[in-house]
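Below: one structure, written as structure tokens.
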Amino acid sequence: MMKSNRKMILVFVSLSVFSILTFCQRAPQQEDRAGSSGVTDTEVLIGSSCALTGHANFLGTSYVHGAMCYINHINEKGGIHGRKIRVIVYDDGYDPPRCVFNTQKLINDDKVFALFCYVGTPTSVEIIPIVEEARIPLLGLFTGANTLRNPFRKYIFNVRASYYQEIAATVYHLVKDRGLNKFAVFYQYDAYGFDGLTGAELALKKYKFEPIARGSYVRGTMDVEESLGKIVASGAQVVIMVGTYDPCAKFIKLARAKGFNPIFYNVSFVGGDELARKLGPDGEGVIVTQVVPSPDTRALLPRVDQYWRLLEKYYPGDQPNYVGLEGFINARVLIRGLKLTGKDLDRQGFIEALESVEEYSLGIGRPLNFGRKDHEGLDAVYFSQIRDGKLVLVMEWDL
């Protein structure tokens, strides 16, 4: 009898240990699968924090309007699997602490299903720990920062190419096609600018060059004079600019007034359409890389044409621009992910659905590809140049 009891105890202990180990192994996945906050039978709740006011308001407003014109269109058709998409957007003024506060509110108070359409490197990098702790998907960021890509981030999906890719493509052409070798970097003194500066240094290193001058300004200010003096004195042939439209426009205007006329090159975050407007005649020849096609390609690309039509319908006061088109493309990716996830919507299922997207035609001439270890959907870099006060797509490298 005692042997029989000991056998029963051993069996019970073994089963208990097995159950505990099984629970420990499965618990994280089960917790992810339960991530269905923000989902009802009739609605999916999405959250966004971006600059709707302040010195980057053109970027945030254009980005959100571009996304919302497509989401409104989908909602009018009945939504996805019977659910309408409701987006809560909070203004952070391109200020990192406000972005952190907004994100915590969206997750903890509003209990959104996913985060969407964030704007800016200094704001977005601050919420990485929050996103990872909450295990909440974040899709579509108006930033090409390397930190959001490396190391690999399970919960962050970048639709656009990186700043490293933008800058490397430009440096390649300026060195190989134009034979230039004197590069300076003007950058915003924060995570965004540091990322661009590193991208420039890496791109130049391939040709055994390095910046001959570096100059910066503090985010939210227009204090560019000291940096301008350094860069003018260097005799740079090219100024790589990693900033926002107001300080970059001031830098270029002051440089022109001094008779300093190198090639001015800006990464996409500058907001090229607004930069062109701010510069007026001083913008002639300024280069801006883009990560989506030109809005002027509507006659060639069906979804660009749809962006124009929906923007006119929902935001008739807006002019089509690169930033808005990028937001529109993000919304198409969001909708694709929600469709593929199916009616039983949860966060882990949404992540897996996005990771399954391969060769998805966005109607912009380049397919989107994600993967289990690849959360950057598009790699294309386009070139535009300000001519006669307007951004013009550059089809051949004749800059």
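Chains: A, B, ... in order of the structure tokens. Residues: from 1 per chain. Ligands: from 1, in order shown.
Scanning stretch 178-340 of chain A with DSSP on the backbone, the strand (DSSP E or B) assignments fall on Phe183, Ala184, Val185, Phe186, Tyr187, Gln188, Ala213, Arg214, Gly215, Ser216, Tyr217, Val238, Val239, Ile240, Met241, Val242, Ile263, Phe264, Tyr265, Asn266, Ile287, Val288, Thr289 and Gln290 of chain A.
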Please report, as an mmCIF file with N, CA and C atoms, in the first residue's frame, each residue of stretch 299-332 of chain A to which DSSP assigns helix (DSSP H, G or I) when run on this structure's backbone.
data_model
loop_
_atom_site.group_PDB
_atom_site.id
_atom_site.type_symbol
_atom_site.label_atom_id
_atom_site.label_comp_id
_atom_site.auth_asym_id
_atom_site.auth_seq_id
_atom_site.Cartn_x
_atom_site.Cartn_y
_atom_site.Cartn_z
ATOM 1 N N PRO A 302 -2.115 54.157 -60.092
ATOM 2 C CA PRO A 302 -3.531 54.218 -59.700
ATOM 3 C C PRO A 302 -3.769 54.643 -58.259
ATOM 4 N N ARG A 303 -2.943 54.197 -57.339
ATOM 5 C CA ARG A 303 -3.179 54.553 -55.945
ATOM 6 C C ARG A 303 -2.774 55.995 -55.642
ATOM 7 N N VAL A 304 -1.841 56.535 -56.389
ATOM 8 C CA VAL A 304 -1.525 57.954 -56.234
ATOM 9 C C VAL A 304 -2.722 58.788 -56.684
ATOM 10 N N ASP A 305 -3.337 58.363 -57.760
ATOM 11 C CA ASP A 305 -4.551 59.043 -58.220
ATOM 12 C C ASP A 305 -5.658 58.925 -57.178
ATOM 13 N N GLN A 306 -5.805 57.759 -56.558
ATOM 14 C CA GLN A 306 -6.814 57.586 -55.518
ATOM 15 C C GLN A 306 -6.536 58.510 -54.331
ATOM 16 N N TYR A 307 -5.269 58.655 -53.975
ATOM 17 C CA TYR A 307 -4.898 59.584 -52.896
ATOM 18 C C TYR A 307 -5.387 61.001 -53.211
ATOM 19 N N TRP A 308 -5.150 61.459 -54.424
ATOM 20 C CA TRP A 308 -5.614 62.792 -54.831
ATOM 21 C C TRP A 308 -7.125 62.908 -54.660
ATOM 22 N N ARG A 309 -7.857 61.917 -55.154
ATOM 23 C CA ARG A 309 -9.319 61.991 -55.154
ATOM 24 C C ARG A 309 -9.889 61.947 -53.732
ATOM 25 N N LEU A 310 -9.342 61.070 -52.895
ATOM 26 C CA LEU A 310 -9.850 60.967 -51.536
ATOM 27 C C LEU A 310 -9.455 62.168 -50.688
ATOM 28 N N LEU A 311 -8.261 62.706 -50.926
ATOM 29 C CA LEU A 311 -7.845 63.907 -50.197
ATOM 30 C C LEU A 311 -8.777 65.071 -50.533
ATOM 31 N N GLU A 312 -9.133 65.216 -51.785
ATOM 32 C CA GLU A 312 -10.052 66.271 -52.208
ATOM 33 C C GLU A 312 -11.418 66.077 -51.553
ATOM 34 N N LYS A 313 -11.831 64.838 -51.390
ATOM 35 C CA LYS A 313 -13.145 64.547 -50.804
ATOM 36 C C LYS A 313 -13.181 64.843 -49.309
ATOM 37 N N TYR A 314 -12.184 64.391 -48.571
ATOM 38 C CA TYR A 314 -12.221 64.486 -47.113
ATOM 39 C C TYR A 314 -11.489 65.705 -46.556
ATOM 40 N N TYR A 322 4.163 64.748 -50.581
ATOM 41 C CA TYR A 322 4.852 63.486 -50.304
ATOM 42 C C TYR A 322 4.499 62.932 -48.919
ATOM 43 N N VAL A 323 4.421 63.796 -47.927
ATOM 44 C CA VAL A 323 4.150 63.337 -46.561
ATOM 45 C C VAL A 323 2.758 62.724 -46.474
ATOM 46 N N GLY A 324 1.777 63.393 -47.068
ATOM 47 C CA GLY A 324 0.419 62.873 -47.063
ATOM 48 C C GLY A 324 0.299 61.559 -47.812
ATOM 49 N N LEU A 325 1.005 61.448 -48.931
ATOM 50 C CA LEU A 325 0.984 60.202 -49.698
ATOM 51 C C LEU A 325 1.573 59.061 -48.880
ATOM 52 N N GLU A 326 2.617 59.339 -48.105
ATOM 53 C CA GLU A 326 3.196 58.300 -47.264
ATOM 54 C C GLU A 326 2.189 57.842 -46.195
ATOM 55 N N GLY A 327 1.465 58.798 -45.609
ATOM 56 C CA GLY A 327 0.430 58.435 -44.654
ATOM 57 C C GLY A 327 -0.655 57.578 -45.288
ATOM 58 N N PHE A 328 -1.039 57.923 -46.511
ATOM 59 C CA PHE A 328 -2.036 57.167 -47.267
ATOM 60 C C PHE A 328 -1.569 55.724 -47.485
ATOM 61 N N ILE A 329 -0.306 55.549 -47.851
ATOM 62 C CA ILE A 329 0.256 54.215 -48.067
ATOM 63 C C ILE A 329 0.274 53.421 -46.762
ATOM 64 N N ASN A 330 0.624 54.083 -45.656
ATOM 65 C CA ASN A 330 0.580 53.415 -44.354
ATOM 66 C C ASN A 330 -0.813 52.857 -44.072
ATOM 67 N N ALA A 331 -1.838 53.657 -44.386
ATOM 68 C CA ALA A 331 -3.217 53.226 -44.134
ATOM 69 C C ALA A 331 -3.567 52.000 -44.973
ATOM 70 N N ARG A 332 -3.074 51.944 -46.189
ATOM 71 C CA ARG A 332 -3.316 50.774 -47.037
ATOM 72 C C ARG A 332 -2.670 49.526 -46.425
#
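Each of A:Thr53, A:Ser268, A:Thr40, A:Asn102 was checked against A:Asp346 using only C-alpha atoms; the smallest atom-to-atom distance is that of A:Thr40.
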### Contact residues around A:Leu106 with only C-alpha atoms at 10 Å, ignoring same-chain residues under 4 positions, as a ChimeraX atom specification
/A:45-49,88-90,100-102,110-115
Those same residues - N, CA and C atoms - I'd like them written as a PDB file, in the first residue's frame.
ATOM      1  N   LEU A  45     -10.038  50.127 -32.514  1.00  0.00           N
ATOM      2  CA  LEU A  45      -9.537  51.405 -32.033  1.00  0.00           C
ATOM      3  C   LEU A  45      -8.023  51.487 -32.231  1.00  0.00           C
ATOM      4  N   ILE A  46      -7.582  52.501 -32.955  1.00  0.00           N
ATOM      5  CA  ILE A  46      -6.162  52.704 -33.277  1.00  0.00           C
ATOM      6  C   ILE A  46      -5.715  54.033 -32.669  1.00  0.00           C
ATOM      7  N   GLY A  47      -4.459  54.105 -32.205  1.00  0.00           N
ATOM      8  CA  GLY A  47      -3.955  55.316 -31.567  1.00  0.00           C
ATOM      9  C   GLY A  47      -2.749  55.914 -32.262  1.00  0.00           C
ATOM     10  N   SER A  48      -2.669  57.248 -32.234  1.00  0.00           N
ATOM     11  CA  SER A  48      -1.546  57.943 -32.874  1.00  0.00           C
ATOM     12  C   SER A  48      -1.141  59.156 -32.052  1.00  0.00           C
ATOM     13  N   SER A  49       0.159  59.429 -32.021  1.00  0.00           N
ATOM     14  CA  SER A  49       0.689  60.656 -31.436  1.00  0.00           C
ATOM     15  C   SER A  49       1.632  61.280 -32.450  1.00  0.00           C
ATOM     16  N   ILE A  88      -7.733  57.524 -32.694  1.00  0.00           N
ATOM     17  CA  ILE A  88      -7.540  58.603 -31.721  1.00  0.00           C
ATOM     18  C   ILE A  88      -6.169  59.214 -31.987  1.00  0.00           C
ATOM     19  N   VAL A  89      -6.128  60.512 -32.254  1.00  0.00           N
ATOM     20  CA  VAL A  89      -4.863  61.184 -32.544  1.00  0.00           C
ATOM     21  C   VAL A  89      -4.618  62.263 -31.494  1.00  0.00           C
ATOM     22  N   TYR A  90      -3.477  62.177 -30.820  1.00  0.00           N
ATOM     23  CA  TYR A  90      -3.081  63.198 -29.859  1.00  0.00           C
ATOM     24  C   TYR A  90      -1.908  63.997 -30.412  1.00  0.00           C
ATOM     25  N   VAL A 100       5.548  60.440 -25.107  1.00  0.00           N
ATOM     26  CA  VAL A 100       5.526  59.362 -24.115  1.00  0.00           C
ATOM     27  C   VAL A 100       4.206  59.384 -23.344  1.00  0.00           C
ATOM     28  N   PHE A 101       3.797  60.562 -22.883  1.00  0.00           N
ATOM     29  CA  PHE A 101       2.540  60.700 -22.143  1.00  0.00           C
ATOM     30  C   PHE A 101       1.356  60.251 -22.998  1.00  0.00           C
ATOM     31  N   ASN A 102       1.331  60.724 -24.253  1.00  0.00           N
ATOM     32  CA  ASN A 102       0.229  60.353 -25.154  1.00  0.00           C
ATOM     33  C   ASN A 102       0.161  58.846 -25.376  1.00  0.00           C
ATOM     34  N   ASP A 110      -7.084  54.649 -23.095  1.00  0.00           N
ATOM     35  CA  ASP A 110      -7.941  54.441 -24.270  1.00  0.00           C
ATOM     36  C   ASP A 110      -7.997  52.977 -24.687  1.00  0.00           C
ATOM     37  N   LYS A 111      -6.949  52.243 -24.299  1.00  0.00           N
ATOM     38  CA  LYS A 111      -6.875  50.799 -24.586  1.00  0.00           C
ATOM     39  C   LYS A 111      -7.018  50.504 -26.080  1.00  0.00           C
ATOM     40  N   VAL A 112      -6.165  51.180 -26.861  1.00  0.00           N
ATOM     41  CA  VAL A 112      -6.200  50.982 -28.307  1.00  0.00           C
ATOM     42  C   VAL A 112      -5.650  49.604 -28.678  1.00  0.00           C
ATOM     43  N   PHE A 113      -6.060  49.131 -29.842  1.00  0.00           N
ATOM     44  CA  PHE A 113      -5.591  47.842 -30.341  1.00  0.00           C
ATOM     45  C   PHE A 113      -4.154  47.926 -30.860  1.00  0.00           C
ATOM     46  N   ALA A 114      -3.830  49.017 -31.561  1.00  0.00           N
ATOM     47  CA  ALA A 114      -2.497  49.185 -32.154  1.00  0.00           C
ATOM     48  C   ALA A 114      -2.167  50.668 -32.235  1.00  0.00           C
ATOM     49  N   LEU A 115      -0.879  50.963 -32.426  1.00  0.00           N
ATOM     50  CA  LEU A 115      -0.400  52.329 -32.614  1.00  0.00           C
ATOM     51  C   LEU A 115      -0.062  52.524 -34.084  1.00  0.00           C
TER      52      LEU A 115
END
Taking only C-alpha atoms into account, produce a table as CSV in which each residue of stretch 27-138 of chain A with an atom at most 9 Å from an atom of stretch 218-242 of chain A appears once, together with its shortest atom pair and the distance in Å to one decimal, ordered by chain and rising number.
residue,atom,partner,partner_atom,distance
A:Gly54,CA,A:Gly220,CA,8.5
A:His55,CA,A:Gly220,CA,6.7
A:Ala56,CA,A:Gly220,CA,8.9
A:Tyr94,CA,A:Gly220,CA,8.8
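Checking A:Gly365, A:Gly317, A:Pro293, A:Gly342 one by one against A:Tyr382, counting only C-alpha atoms, you find the shortest gap at A:Pro293.
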Who sits within 6 Å of A:Gly377, only C-alpha atoms, same chain under 4 positions skipped, as a CSV table (one decimal) with C-alpha atoms, in the first residue's frame:
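Printed below is around.csv as written:
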chain,number,residue,atom,x,y,z
A,159,VAL,CA,6.8,50.9,-44.1
A,368,LEU,CA,5.7,45.8,-50.2
A,369,ASN,CA,7.4,42.9,-48.4
A,370,PHE,CA,7.6,42.0,-44.7
#### Entry: Contacts of A:Glu396 within 12 Å, only C-alpha atoms, excl. fewer than 5 positions in-chain, as JSON, numbers by chain
{"A": [173, 177, 382, 383, 384, 385]}
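Residue nearest A:Arg372, chosen from A:Glu358, A:Tyr163, A:Glu133, A:Lys105 and counting only C-alpha atoms: A:Glu358.
Relative to atom CA of A:Gln104, atom CA of A:Val39 is found at 18.1 Å.
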